[in-house]
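Raw contents of structure-v2.txt, compact mmCIF, C-alpha atoms:
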# COMPACT_ATOMS: atom_id res chain seq x y z
CA MET A 174 -12.63 19.29 10.11
CA LEU A 175 -11.16 21.08 13.11
CA ASN A 176 -7.39 21.51 13.30
CA LYS A 177 -5.86 18.16 14.22
CA THR A 178 -2.45 16.60 14.64
CA ILE A 179 -1.79 14.09 11.87
CA LEU A 180 1.01 11.56 12.29
CA VAL A 181 2.39 10.82 8.83
CA ALA A 182 4.24 7.47 8.84
CA PHE A 183 6.58 6.67 5.96
CA GLY A 184 9.86 5.12 4.82
CA GLY A 185 10.35 1.52 5.91
CA ALA A 186 12.56 -1.43 5.02
CA SER A 187 11.36 -1.66 1.43
CA PRO A 188 12.79 -1.28 -2.09
CA GLU A 189 10.15 1.43 -2.44
CA HIS A 190 11.59 3.43 0.47
CA GLU A 191 12.43 6.54 -1.57
CA VAL A 192 9.04 6.53 -3.30
CA SER A 193 7.39 6.49 0.13
CA VAL A 194 9.43 9.55 1.17
CA LEU A 195 8.22 11.48 -1.89
CA THR A 196 4.58 10.59 -1.21
CA ALA A 197 4.95 11.62 2.45
CA MET A 198 6.53 14.96 1.53
CA GLN A 199 3.61 15.76 -0.76
CA ALA A 200 1.07 14.76 1.89
CA MET A 201 2.75 16.71 4.70
CA SER A 202 2.92 19.83 2.54
CA ALA A 203 -0.79 19.63 1.72
CA LEU A 204 -1.84 18.76 5.28
CA SER A 205 0.15 21.60 6.86
CA GLU A 206 -2.29 24.09 5.33
CA ARG A 207 -5.01 22.98 7.77
CA HIS A 208 -3.44 20.71 10.40
CA ASN A 209 -0.40 20.08 12.55
CA VAL A 210 1.87 17.46 11.01
CA LEU A 211 3.93 15.02 13.07
CA PRO A 212 6.39 13.02 10.91
CA MET A 213 7.33 9.46 11.83
CA TYR A 214 10.05 8.06 9.58
CA ILE A 215 11.10 4.40 9.56
CA SER A 216 14.65 3.93 8.28
CA LYS A 217 15.75 1.19 5.90
CA SER A 218 17.04 -0.71 8.93
CA GLY A 219 13.67 -0.45 10.68
CA LYS A 220 14.48 2.27 13.23
CA TRP A 221 11.76 4.82 14.06
CA PHE A 222 12.48 8.57 14.05
CA THR A 223 10.66 11.86 14.42
CA GLY A 224 11.66 15.54 14.33
CA ALA A 225 11.12 18.67 12.23
CA VAL A 226 14.13 17.80 10.04
CA LEU A 227 12.09 14.96 8.53
CA LYS A 228 9.83 17.48 6.79
CA GLU A 229 12.69 18.72 4.58
CA LEU A 230 13.13 16.71 1.37
CA GLU A 231 16.72 17.84 0.80
CA GLN A 232 17.78 16.16 4.07
CA TYR A 233 17.12 12.73 2.53
CA LYS A 234 20.09 13.03 0.18
CA ASP A 235 22.20 11.49 2.97
CA LEU A 236 20.14 9.00 4.97
CA ASN A 237 22.93 8.21 7.42
CA GLN A 238 23.30 11.87 8.31
CA LEU A 239 19.52 12.23 8.53
CA GLU A 240 19.34 9.51 11.20
CA LYS A 241 21.89 11.45 13.27
CA MET A 242 19.78 14.63 13.11
CA ALA A 243 16.38 12.98 13.70
CA VAL A 244 15.11 11.78 17.09
CA PRO A 245 14.49 8.06 17.81
CA CYS A 246 10.93 7.35 18.88
CA THR A 247 8.33 4.66 19.49
CA PHE A 248 4.64 4.23 20.25
CA SER A 249 3.81 4.11 23.94
CA ARG A 250 0.91 4.82 26.27
CA ASN A 251 0.63 7.59 28.83
CA GLU A 252 -0.85 7.37 32.30
CA THR A 253 -4.41 7.51 30.98
CA GLY A 254 -3.82 4.77 28.41
CA LYS A 255 -3.74 7.09 25.40
CA THR A 256 -1.24 6.15 22.71
CA ILE A 257 1.52 8.70 22.17
CA LEU A 258 4.69 9.02 20.12
CA LEU A 259 7.49 8.88 22.67
CA GLU A 260 10.96 10.27 21.95
CA THR A 261 13.49 7.76 23.28
CA ALA A 262 16.72 9.77 23.09
CA GLY A 263 18.14 12.79 24.88
CA THR A 264 16.62 11.89 28.24
CA SER A 265 18.26 11.49 31.63
CA PHE A 266 17.37 10.79 35.24
CA PHE A 267 16.39 14.44 35.65
CA SER A 268 14.38 14.85 32.43
CA LYS A 269 11.36 13.10 31.04
CA PRO A 270 11.24 11.98 27.42
CA LYS A 271 9.25 14.25 25.14
CA ARG A 272 5.76 12.99 24.32
CA HIS A 273 3.67 13.77 21.26
CA THR A 274 -0.08 13.29 21.12
CA PHE A 275 -1.87 12.97 17.80
CA ASP A 276 -5.36 12.34 16.45
CA VAL A 277 -4.93 10.00 13.49
CA VAL A 278 -2.21 8.17 11.52
CA LEU A 279 -1.73 8.62 7.78
CA PRO A 280 0.41 5.72 6.48
CA ALA A 281 2.39 6.78 3.40
CA PHE A 282 4.40 3.57 2.99
CA HIS A 283 4.90 1.71 -0.26
CA GLY A 284 5.56 -2.00 -0.16
CA ALA A 285 6.72 -4.40 2.57
CA ASP A 286 5.60 -4.07 6.19
CA GLY A 287 4.13 -0.59 5.81
CA GLU A 288 1.58 -1.51 3.14
CA ASN A 289 1.01 -5.23 3.70
CA GLY A 290 -1.06 -4.94 6.89
CA ALA A 291 1.79 -5.27 9.41
CA PHE A 292 1.92 -1.57 10.35
CA GLN A 293 -1.88 -1.43 10.23
CA GLY A 294 -1.88 -4.25 12.78
CA VAL A 295 0.43 -2.23 15.04
CA CYS A 296 -2.00 0.69 14.83
CA GLU A 297 -4.88 -1.57 15.81
CA MET A 298 -2.92 -3.04 18.72
CA PHE A 299 -2.42 0.51 20.01
CA GLY A 300 -6.05 1.47 19.34
CA LEU A 301 -5.11 4.14 16.78
CA PRO A 302 -7.32 5.48 14.00
CA TYR A 303 -5.42 5.17 10.72
CA ALA A 304 -6.17 6.01 7.11
CA GLY A 305 -6.39 3.50 4.30
CA SER A 306 -7.31 -0.16 4.18
CA GLY A 307 -7.34 -2.36 7.26
CA VAL A 308 -5.16 -5.39 7.98
CA ALA A 309 -7.07 -7.78 5.71
CA GLY A 310 -7.45 -5.39 2.76
CA SER A 311 -3.82 -4.31 2.99
CA ALA A 312 -2.52 -7.89 3.11
CA ILE A 313 -4.70 -8.99 0.19
CA GLY A 314 -3.74 -5.96 -1.87
CA MET A 315 -0.02 -6.57 -1.37
CA ASP A 316 -0.25 -10.19 -2.53
CA LYS A 317 -0.83 -9.96 -6.30
CA HIS A 318 -1.66 -13.65 -6.64
CA LEU A 319 -4.13 -13.73 -3.76
CA ALA A 320 -5.81 -10.57 -5.03
CA LYS A 321 -6.20 -12.13 -8.50
CA GLN A 322 -7.61 -15.34 -7.01
CA LEU A 323 -10.23 -13.44 -5.03
CA CYS A 324 -11.12 -11.33 -8.05
CA SER A 325 -11.49 -14.42 -10.22
CA ALA A 326 -13.67 -16.08 -7.58
CA ASN A 327 -15.93 -13.01 -7.62
CA GLY A 328 -16.23 -13.01 -11.40
CA PHE A 329 -13.80 -10.21 -12.21
CA PRO A 330 -11.66 -10.83 -15.32
CA VAL A 331 -7.94 -11.59 -14.85
CA VAL A 332 -5.23 -12.79 -17.26
CA PRO A 333 -3.88 -16.38 -17.07
CA ASP A 334 -0.83 -16.85 -14.87
CA VAL A 335 1.59 -19.31 -13.33
CA CYS A 336 2.65 -18.69 -9.72
CA PHE A 337 5.45 -20.48 -7.86
CA TYR A 338 7.89 -20.25 -4.98
CA GLU A 339 11.68 -20.22 -5.16
CA ARG A 340 12.02 -23.79 -3.89
CA GLU A 341 9.56 -24.98 -6.53
CA TRP A 342 11.61 -23.24 -9.21
CA VAL A 343 14.72 -25.08 -8.00
CA ASN A 344 13.05 -28.49 -7.80
CA ARG A 345 10.87 -28.51 -10.93
CA ARG A 346 12.11 -25.73 -13.18
CA GLU A 347 11.46 -27.54 -16.47
CA GLU A 348 7.85 -28.29 -15.52
CA ILE A 349 7.20 -24.65 -14.60
CA ILE A 350 8.84 -23.39 -17.80
CA ALA A 351 6.61 -25.74 -19.80
CA GLN A 352 3.50 -24.41 -18.04
CA ILE A 353 4.53 -20.84 -18.79
CA ALA A 354 5.41 -21.60 -22.42
CA ALA A 355 1.97 -23.18 -22.85
CA MET A 356 0.41 -19.76 -22.13
CA GLY A 357 2.42 -18.28 -24.99
CA PHE A 358 5.03 -15.54 -25.01
CA PRO A 359 5.45 -12.71 -24.22
CA VAL A 360 4.91 -13.00 -20.47
CA TYR A 361 5.49 -10.63 -17.57
CA VAL A 362 7.44 -11.77 -14.53
CA LYS A 363 6.66 -10.08 -11.21
CA PRO A 364 7.52 -10.42 -7.52
CA VAL A 365 4.21 -11.25 -5.83
CA SER A 366 4.53 -8.76 -2.97
CA LEU A 367 6.14 -5.64 -4.37
CA GLY A 368 5.06 -2.54 -6.26
CA SER A 369 6.36 0.37 -8.32
CA SER A 370 7.30 -2.10 -11.10
CA ILE A 371 10.44 -3.05 -9.16
CA GLY A 372 11.69 -6.48 -10.24
CA VAL A 373 9.17 -6.66 -13.09
CA SER A 374 10.36 -7.62 -16.57
CA ARG A 375 9.08 -8.87 -19.92
CA ALA A 376 10.16 -12.26 -21.25
CA THR A 377 9.83 -13.21 -24.90
CA ASP A 378 11.34 -16.72 -24.81
CA GLU A 379 12.60 -19.38 -22.40
CA ALA A 380 16.07 -17.86 -22.14
CA SER A 381 14.81 -14.39 -21.16
CA LEU A 382 12.22 -16.04 -18.90
CA SER A 383 14.90 -17.72 -16.77
CA LEU A 384 16.81 -14.44 -16.47
CA SER A 385 13.64 -12.54 -15.53
CA VAL A 386 12.70 -15.10 -12.87
CA GLU A 387 16.15 -14.97 -11.29
CA THR A 388 15.93 -11.16 -11.22
CA ALA A 389 12.50 -11.24 -9.57
CA PHE A 390 13.74 -13.69 -6.91
CA ARG A 391 16.13 -10.98 -5.74
CA TYR A 392 13.10 -9.17 -4.33
CA ASP A 393 10.65 -11.91 -3.35
CA HIS A 394 10.53 -15.69 -2.86
CA HIS A 395 7.12 -15.86 -4.55
CA ILE A 396 6.86 -15.11 -8.29
CA LEU A 397 3.92 -14.45 -10.59
CA VAL A 398 4.24 -14.93 -14.36
CA GLU A 399 1.36 -13.54 -16.41
CA LYS A 400 0.42 -13.95 -20.04
CA GLY A 401 0.94 -10.70 -21.93
CA VAL A 402 -2.03 -8.80 -23.34
CA GLN A 403 -1.40 -7.67 -26.92
CA PRO A 404 -1.91 -5.03 -28.15
CA LEU A 405 -1.89 -3.54 -24.66
CA LYS A 406 -3.36 -0.38 -23.21
CA GLU A 407 -2.91 0.24 -19.46
CA ILE A 408 -5.72 2.05 -17.66
CA ASN A 409 -5.76 3.14 -14.00
CA CYS A 410 -8.60 4.18 -11.72
CA SER A 411 -8.66 5.33 -8.10
CA VAL A 412 -11.43 4.55 -5.62
CA LEU A 413 -12.23 6.51 -2.46
CA GLY A 414 -14.53 5.52 0.39
CA THR A 415 -15.60 2.41 2.27
CA PRO A 416 -17.10 -0.92 1.18
CA GLU A 417 -20.51 0.54 2.03
CA ASP A 418 -20.04 3.78 0.09
CA CYS A 419 -17.29 4.37 -2.46
CA GLN A 420 -16.74 6.28 -5.68
CA ALA A 421 -14.39 5.96 -8.65
CA SER A 422 -12.20 8.71 -10.07
CA VAL A 423 -11.67 9.63 -13.71
CA LEU A 424 -9.46 7.17 -15.59
CA GLU A 425 -5.90 7.64 -16.77
CA GLN A 426 -3.75 6.02 -19.42
CA PRO A 427 -0.11 6.00 -18.27
CA VAL A 428 2.43 6.66 -21.01
CA GLY A 429 5.57 4.52 -20.84
CA SER A 430 8.75 4.38 -22.86
CA GLU A 431 8.90 0.57 -22.70
CA GLU A 432 6.57 -2.38 -23.27
CA PHE A 433 5.20 -1.85 -19.76
CA LEU A 434 5.22 1.03 -17.30
CA SER A 435 8.60 0.76 -15.58
CA PHE A 436 9.94 2.28 -12.36
CA LYS A 437 11.78 4.83 -14.53
CA ASP A 438 8.55 5.79 -16.29
CA LYS A 439 6.77 6.23 -12.97
CA TYR A 440 9.37 8.11 -10.96
CA GLN A 441 12.38 9.18 -13.01
CA ARG A 442 10.84 11.15 -15.84
CA GLY A 443 10.02 14.83 -15.42
CA ASP A 444 10.22 16.27 -11.91
CA THR A 445 11.48 13.42 -9.71
CA GLY A 446 10.43 15.35 -6.60
CA LYS A 447 6.78 14.81 -7.50
CA GLY A 448 6.76 11.01 -7.32
CA MET A 449 3.97 9.36 -9.31
CA ALA A 450 2.59 12.82 -10.13
CA SER A 451 5.56 13.37 -12.46
CA ALA A 452 4.82 10.37 -14.70
CA GLU A 453 3.41 11.01 -18.16
CA ARG A 454 -0.27 10.18 -18.55
CA ILE A 455 -3.42 10.97 -20.49
CA ILE A 456 -6.35 12.15 -18.32
CA PRO A 457 -9.10 11.34 -18.96
CA ALA A 458 -8.12 8.11 -20.68
CA PRO A 459 -9.11 7.99 -24.37
CA LEU A 460 -11.97 5.51 -23.98
CA THR A 461 -15.63 5.46 -24.90
CA ASP A 462 -18.20 6.32 -22.25
CA ALA A 463 -19.19 2.65 -22.08
CA GLN A 464 -15.59 1.50 -21.57
CA THR A 465 -15.05 4.16 -18.91
CA ALA A 466 -18.20 3.13 -17.04
CA GLU A 467 -17.19 -0.56 -17.25
CA ILE A 468 -13.77 0.03 -15.68
CA GLN A 469 -15.16 2.34 -12.99
CA GLN A 470 -17.77 -0.28 -12.10
CA LEU A 471 -15.10 -2.99 -11.97
CA SER A 472 -12.99 -0.73 -9.74
CA THR A 473 -15.64 -0.18 -7.09
CA GLY A 474 -16.64 -3.85 -7.21
CA ILE A 475 -13.08 -5.03 -6.64
CA PHE A 476 -12.59 -2.40 -3.92
CA LYS A 477 -15.48 -3.97 -2.01
CA ALA A 478 -14.51 -7.58 -2.73
CA LEU A 479 -10.96 -7.10 -1.44
CA GLN A 480 -12.19 -5.39 1.77
CA CYS A 481 -10.48 -2.08 1.02
CA SER A 482 -11.08 1.27 2.65
CA GLY A 483 -9.84 4.83 2.26
CA LEU A 484 -8.04 5.37 -1.03
CA VAL A 485 -6.66 2.87 -3.56
CA ARG A 486 -5.59 2.75 -7.19
CA LEU A 487 -6.49 -0.15 -9.45
CA ASP A 488 -4.54 -0.97 -12.60
CA PHE A 489 -6.21 -2.64 -15.58
CA LEU A 490 -4.97 -4.18 -18.83
CA VAL A 491 -7.05 -3.52 -21.94
CA ASN A 492 -6.72 -5.36 -25.24
CA SER A 493 -6.78 -2.51 -27.76
CA GLU A 494 -8.26 -4.72 -30.49
CA THR A 495 -10.94 -6.67 -28.63
CA ASN A 496 -11.53 -4.08 -25.83
CA GLU A 497 -11.34 -6.90 -23.27
CA VAL A 498 -10.56 -5.56 -19.79
CA PHE A 499 -8.51 -7.46 -17.19
CA PHE A 500 -7.76 -6.59 -13.58
CA ASN A 501 -3.99 -6.31 -13.11
CA GLU A 502 -3.30 -5.24 -9.53
CA ILE A 503 -4.37 -2.94 -6.71
CA ASN A 504 -2.30 -0.42 -4.75
CA THR A 505 -3.76 0.16 -1.29
CA ILE A 506 -1.41 3.13 -0.74
CA PRO A 507 -0.87 4.51 -4.24
CA GLY A 508 2.05 6.75 -5.12
CA SER A 509 1.23 10.43 -4.48
CA PHE A 510 -2.13 9.14 -3.16
CA SER A 511 -3.24 9.38 -6.83
CA PHE A 512 -4.17 13.01 -6.17
CA TYR A 513 -3.70 13.81 -9.87
CA LEU A 514 -6.71 11.59 -10.66
CA TRP A 515 -8.88 13.23 -8.03
CA SER A 516 -7.91 16.79 -8.92
CA GLU A 517 -9.25 15.95 -12.39
CA SER A 518 -12.38 14.64 -10.67
CA GLY A 519 -12.92 17.98 -8.93
CA VAL A 520 -11.30 17.10 -5.59
CA PRO A 521 -8.14 19.12 -4.72
CA PHE A 522 -5.32 17.29 -2.91
CA ALA A 523 -5.95 18.95 0.45
CA ASP A 524 -9.65 18.03 0.27
CA LEU A 525 -8.76 14.48 -0.77
CA LEU A 526 -6.58 14.00 2.32
CA GLU A 527 -9.33 15.55 4.42
CA LYS A 528 -11.78 12.93 3.16
CA LEU A 529 -9.24 10.16 3.73
CA ILE A 530 -8.68 11.24 7.32
CA GLN A 531 -12.39 11.59 8.02
CA ILE A 532 -12.99 8.04 6.74
CA ALA A 533 -10.29 6.84 9.15
CA LEU A 534 -11.84 8.62 12.12
CA ASP A 535 -15.35 7.42 11.28
CA ARG A 536 -14.17 3.81 10.90
CA HIS A 537 -12.29 3.94 14.20
CA ARG A 538 -15.32 5.41 15.94
CA MET A 539 -17.48 2.61 14.55
CA TYR A 540 -15.08 -0.13 15.67
CA ALA A 541 -14.48 1.44 19.08
CA GLY A 542 -18.22 1.35 19.74
CA ARG A 543 -18.33 -2.45 19.48
CA VAL A 544 -17.97 -4.83 22.42
CA ARG A 545 -14.22 -5.40 22.86
CA SER A 546 -14.27 -7.59 25.98
CA TYR A 547 -16.55 -10.15 27.59
CA GLU A 548 -17.23 -9.99 31.29
CA THR A 549 -16.71 -13.44 32.78
CA ASN A 550 -15.29 -15.08 35.87
CA LEU A 551 -13.83 -17.93 33.80
CA LEU A 552 -10.22 -17.34 34.86
CA SER A 553 -11.06 -17.03 38.53
CA GLU A 554 -12.96 -20.33 38.33
CA LYS A 555 -10.04 -22.02 36.60
CA ALA A 556 -7.60 -20.53 39.12
CA ALA A 557 -9.65 -21.93 41.99
CA ARG A 558 -9.37 -25.41 40.47
CA GLY A 559 -5.61 -25.09 40.03
CA LEU A 560 -3.38 -26.20 37.16
CA LYS A 561 -4.29 -29.86 37.58
CA GLY A 562 -7.92 -29.00 36.95
CA LEU A 563 -7.03 -27.35 33.67
CA LYS A 564 -5.66 -30.52 32.07
CA GLY A 565 -7.90 -31.88 29.36
CA THR A 566 -10.07 -28.74 29.27
CA LYS A 567 -10.55 -26.15 26.53
Let's see the structure in the file written out as structure tokens.
Amino acid sequence: MLNKTILVAFGGASPEHEVSVLTAMQAMSALSERHNVLPMYISKSGKWFTGAVLKELEQYKDLNQLEKMAVPCTFSRNETGKTILLETAGTSFFSKPKRHTFDVVLPAFHGADGENGAFQGVCEMFGLPYAGSGVAGSAIGMDKHLAKQLCSANGFPVVPDVCFYEREWVNRREEIIAQIAAMGFPVYVKPVSLGSSIGVSRATDEASLSLSVETAFRYDHHILVEKGVQPLKEINCSVLGTPEDCQASVLEQPVGSEEFLSFKDKYQRGDTGKGMASAERIIPAPLTDAQTAEIQQLSTGIFKALQCSGLVRLDFLVNSETNEVFFNEINTIPGSFSFYLWSESGVPFADLLEKLIQIALDRHRMYAGRVRSYETNLLSEKAARGLKGLKGTK
């Protein structure tokens, strides 16, 4: 791929803000070997910034000071209609705002509006090629309950669960507790639309269940409670490609210090500057060839069913005694882009990002070649009839 300008978008109003920064730093470092990198940071308050200072990890120790050093910006269009990144500060009547052109967007968000399809929708509104899953795949992937429902409808195995909203918990708490207890303890309580194990906890009885639910409601108004798999082995797999052509990586078994892989296990053990790459894991996962093939086949099948694209990571729960495999969740923008799985699959990080960007450009080229408007004189006909003529018409 010829030298290009890659806009790396990261940060955002999300509990996973810091994790997104770490992933972006890793990606910008790898991309700078072959391309120009243009950072676009979204603060926790939702403000957009750019500037060379955003490429320095140490500057993020003080986010308030960072915002003062960075340059506010926004998407805009130039005279030819091309989308640009427009600096919106430091201009006057005698000077024009600085404009940055770029070739493709690499979203490096985790959680909230950056990963749930909202930012992807902004990119589509501005006609921008962007890496990763589209609006539908991103939205489905962020909603754990919806993703499980679609997987179940397509014949993929999932664990039993009870899902409810905050108002339902207030109005019929005893009924919901009874439904959960009927599944049997332990259970795992999760915010529906959040990642990185934030807000996730294990409940072993009704008392700890109520506490876990209240904790999860701090992060989301929609809660998923799943029956625990015992004895449990967690297995992860990454998938790269498109629904028409995708491949699975080697598998990993994350190593946690608790009953489940916590935020601390993922990001606060080892070198915290490496994000998910610092977590302890066994690669390849200690499984038989048949088990490995089964999970890889499930991974590519789910990738297609959930309308994903680019790069994802799928997490599975395996019963160590029965070897039953259950889909747990999907991350459409995985921490560190799961490069540690692909490096073990023979794809270095820089090459992985290259493939991810090429998929984005190919997909955009394919969509841009479709008919986007329909030539008609409908509005001129309606205008000639006036507003009165429009009443009762569709």
>> Please compute the atom CA of Ile350 of chain A-atom CA of Gly429 of chain A distance, one decimal, in Å.
In response: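 Computed distance, atom CA of Ile350 of chain A to atom CA of Gly429 of chain A, equals 28.3 Å.
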> Which is closest to Val181 of chain A among A:Thr465, A:Ser218, A:Thr223, A:Asn344, if we use all atoms listed in the file?
Replying inline: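 Closest candidate: A:Thr223.
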>> List the spatial neighbours of Tyr214 of chain A as a ChimeraX atom specification - criterion: any atom at most 7 Å away, all atoms listed in the file, same-chain residues fewer than 4 positions off excluded.
In response: /A:182-184,221-223
Just-selected residues, C-alpha atoms written as a PDB file, keeping the file's coordinate frame:
ATOM      1  CA  ALA A 182       4.240   7.470   8.840  1.00  0.00           C
ATOM      2  CA  PHE A 183       6.580   6.670   5.960  1.00  0.00           C
ATOM      3  CA  GLY A 184       9.860   5.120   4.820  1.00  0.00           C
ATOM      4  CA  TRP A 221      11.760   4.820  14.060  1.00  0.00           C
ATOM      5  CA  PHE A 222      12.480   8.570  14.050  1.00  0.00           C
ATOM      6  CA  THR A 223      10.660  11.860  14.420  1.00  0.00           C
TER       7      THR A 223
END
> Between A:Ser493, A:Asn209, A:Gln469, A:Gln531, which one has atoms that come closest to Cys410 of chain A, using all atoms listed in the file?
Replying inline: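 The shortest atom-to-atom distance to Cys410 of chain A comes from A:Gln469.
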> Looking at A:Asp276, A:Glu189, A:Glu206, A:Asp235, which one is nearest to Leu534 of chain A, with distances taken over all atoms listed in the file?
Replying inline: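 Ranked by minimum distance to Leu534 of chain A, first place goes to A:Asp276.
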> To one decimal place, how far is atom CA of Glu399 of chain A from atom CA of Pro333 of chain A in Å?
Replying inline: 6.0 Å
> Which one of A:Pro427, A:Pro404, A:Gly305, A:Gly310 sits closest to Ile506 of chain A if you count all atoms listed in the file?
Replying inline: A:Gly305
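Minimum atom-to-atom distance to Gly284 of chain A, evaluated using all atoms listed in the file, belongs to A:Ile371 out of A:Val423, A:Leu180, A:Ile371, A:Leu487.
Here atom CA of Phe512 of chain A is placed at a distance of 7.2 Å from atom CA of Leu525 of chain A.
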Contacts of segment 498-504 of chain A at 9 Å (only C-alpha atoms; same-chain gap of 4+ positions) as an mmCIF file with C-alpha atoms, in the coordinates of the input:
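Output (selection-v8.cif):
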data_model
loop_
_atom_site.group_PDB
_atom_site.id
_atom_site.type_symbol
_atom_site.label_atom_id
_atom_site.label_comp_id
_atom_site.auth_asym_id
_atom_site.auth_seq_id
_atom_site.Cartn_x
_atom_site.Cartn_y
_atom_site.Cartn_z
ATOM 1 C CA HIS A 283 4.900 1.710 -0.260
ATOM 2 C CA GLU A 288 1.580 -1.510 3.140
ATOM 3 C CA SER A 311 -3.820 -4.310 2.990
ATOM 4 C CA GLY A 314 -3.740 -5.960 -1.870
ATOM 5 C CA MET A 315 -0.020 -6.570 -1.370
ATOM 6 C CA LYS A 317 -0.830 -9.960 -6.300
ATOM 7 C CA ALA A 320 -5.810 -10.570 -5.030
ATOM 8 C CA LYS A 321 -6.200 -12.130 -8.500
ATOM 9 C CA CYS A 324 -11.120 -11.330 -8.050
ATOM 10 C CA PHE A 329 -13.800 -10.210 -12.210
ATOM 11 C CA PRO A 330 -11.660 -10.830 -15.320
ATOM 12 C CA VAL A 331 -7.940 -11.590 -14.850
ATOM 13 C CA VAL A 332 -5.230 -12.790 -17.260
ATOM 14 C CA GLY A 368 5.060 -2.540 -6.260
ATOM 15 C CA GLN A 464 -15.590 1.500 -21.570
ATOM 16 C CA GLU A 467 -17.190 -0.560 -17.250
ATOM 17 C CA ILE A 468 -13.770 0.030 -15.680
ATOM 18 C CA LEU A 471 -15.100 -2.990 -11.970
ATOM 19 C CA SER A 472 -12.990 -0.730 -9.740
ATOM 20 C CA ILE A 475 -13.080 -5.030 -6.640
ATOM 21 C CA PHE A 476 -12.590 -2.400 -3.920
ATOM 22 C CA LEU A 484 -8.040 5.370 -1.030
ATOM 23 C CA VAL A 485 -6.660 2.870 -3.560
ATOM 24 C CA ARG A 486 -5.590 2.750 -7.190
ATOM 25 C CA LEU A 487 -6.490 -0.150 -9.450
ATOM 26 C CA ASP A 488 -4.540 -0.970 -12.600
ATOM 27 C CA PHE A 489 -6.210 -2.640 -15.580
ATOM 28 C CA LEU A 490 -4.970 -4.180 -18.830
ATOM 29 C CA VAL A 491 -7.050 -3.520 -21.940
ATOM 30 C CA ASN A 492 -6.720 -5.360 -25.240
ATOM 31 C CA GLY A 508 2.050 6.750 -5.120
#
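Between Thr274 of chain A and the candidates A:Ile257, A:Ala533, A:Ala291, A:Ile456, the tightest atom-to-atom separation, counting all atoms listed in the file, involves A:Ile257.
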> Residues at most 7 Å from Leu413 of chain A, counting only C-alpha atoms, excluding those fewer than 2 positions away in the same chain, as an MDAnalysis selection string?
Replying inline: chainID A and resid 411 419:421 483:485
>> For a cutoff of 7 Å around the file-coordinate point (9.2, -12.3, -26.2), which residues qualify once you count only C-alpha atoms? I'd like the result as a list in words.
In response: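 Within 7 Å of (9.2, -12.3, -26.2), the protein and nucleic acid residues are Phe358, Pro359, Ala376, Thr377 and Asp378 of chain A.
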Could you give me segment 395-407 of chain A completed to N, CA and C atoms, formatted as a PDB file, in the frame of the given file?
ATOM      1  N   HIS A 395       8.376 -15.428  -3.920  1.00  0.00           N
ATOM      2  CA  HIS A 395       7.120 -15.860  -4.550  1.00  0.00           C
ATOM      3  C   HIS A 395       6.970 -15.058  -5.845  1.00  0.00           C
ATOM      4  N   ILE A 396       6.839 -15.756  -6.982  1.00  0.00           N
ATOM      5  CA  ILE A 396       6.860 -15.110  -8.290  1.00  0.00           C
ATOM      6  C   ILE A 396       5.566 -15.377  -9.055  1.00  0.00           C
ATOM      7  N   LEU A 397       5.109 -14.353  -9.755  1.00  0.00           N
ATOM      8  CA  LEU A 397       3.920 -14.450 -10.590  1.00  0.00           C
ATOM      9  C   LEU A 397       4.331 -14.185 -12.040  1.00  0.00           C
ATOM     10  N   VAL A 398       3.961 -15.098 -12.931  1.00  0.00           N
ATOM     11  CA  VAL A 398       4.240 -14.930 -14.360  1.00  0.00           C
ATOM     12  C   VAL A 398       2.901 -14.877 -15.093  1.00  0.00           C
ATOM     13  N   GLU A 399       2.647 -13.759 -15.767  1.00  0.00           N
ATOM     14  CA  GLU A 399       1.360 -13.540 -16.410  1.00  0.00           C
ATOM     15  C   GLU A 399       1.488 -13.505 -17.935  1.00  0.00           C
ATOM     16  N   LYS A 400       0.477 -14.020 -18.587  1.00  0.00           N
ATOM     17  CA  LYS A 400       0.420 -13.950 -20.040  1.00  0.00           C
ATOM     18  C   LYS A 400       0.255 -12.493 -20.463  1.00  0.00           C
ATOM     19  N   GLY A 401       1.017 -12.070 -21.461  1.00  0.00           N
ATOM     20  CA  GLY A 401       0.940 -10.700 -21.930  1.00  0.00           C
ATOM     21  C   GLY A 401      -0.333 -10.434 -22.717  1.00  0.00           C
ATOM     22  N   VAL A 402      -0.869  -9.240 -22.568  1.00  0.00           N
ATOM     23  CA  VAL A 402      -2.030  -8.800 -23.340  1.00  0.00           C
ATOM     24  C   VAL A 402      -1.515  -7.973 -24.517  1.00  0.00           C
ATOM     25  N   GLN A 403      -1.866  -8.371 -25.729  1.00  0.00           N
ATOM     26  CA  GLN A 403      -1.400  -7.670 -26.920  1.00  0.00           C
ATOM     27  C   GLN A 403      -2.537  -7.453 -27.916  1.00  0.00           C
ATOM     28  N   PRO A 404      -2.635  -6.257 -28.501  1.00  0.00           N
ATOM     29  CA  PRO A 404      -1.910  -5.030 -28.150  1.00  0.00           C
ATOM     30  C   PRO A 404      -2.444  -4.466 -26.835  1.00  0.00           C
ATOM     31  N   LEU A 405      -1.565  -3.915 -26.034  1.00  0.00           N
ATOM     32  CA  LEU A 405      -1.890  -3.540 -24.660  1.00  0.00           C
ATOM     33  C   LEU A 405      -2.120  -2.043 -24.491  1.00  0.00           C
ATOM     34  N   LYS A 406      -3.130  -1.743 -23.687  1.00  0.00           N
ATOM     35  CA  LYS A 406      -3.360  -0.380 -23.210  1.00  0.00           C
ATOM     36  C   LYS A 406      -3.568  -0.475 -21.701  1.00  0.00           C
ATOM     37  N   GLU A 407      -2.759   0.245 -20.919  1.00  0.00           N
ATOM     38  CA  GLU A 407      -2.910   0.240 -19.460  1.00  0.00           C
ATOM     39  C   GLU A 407      -3.824   1.381 -19.036  1.00  0.00           C
TER      40      GLU A 407
END
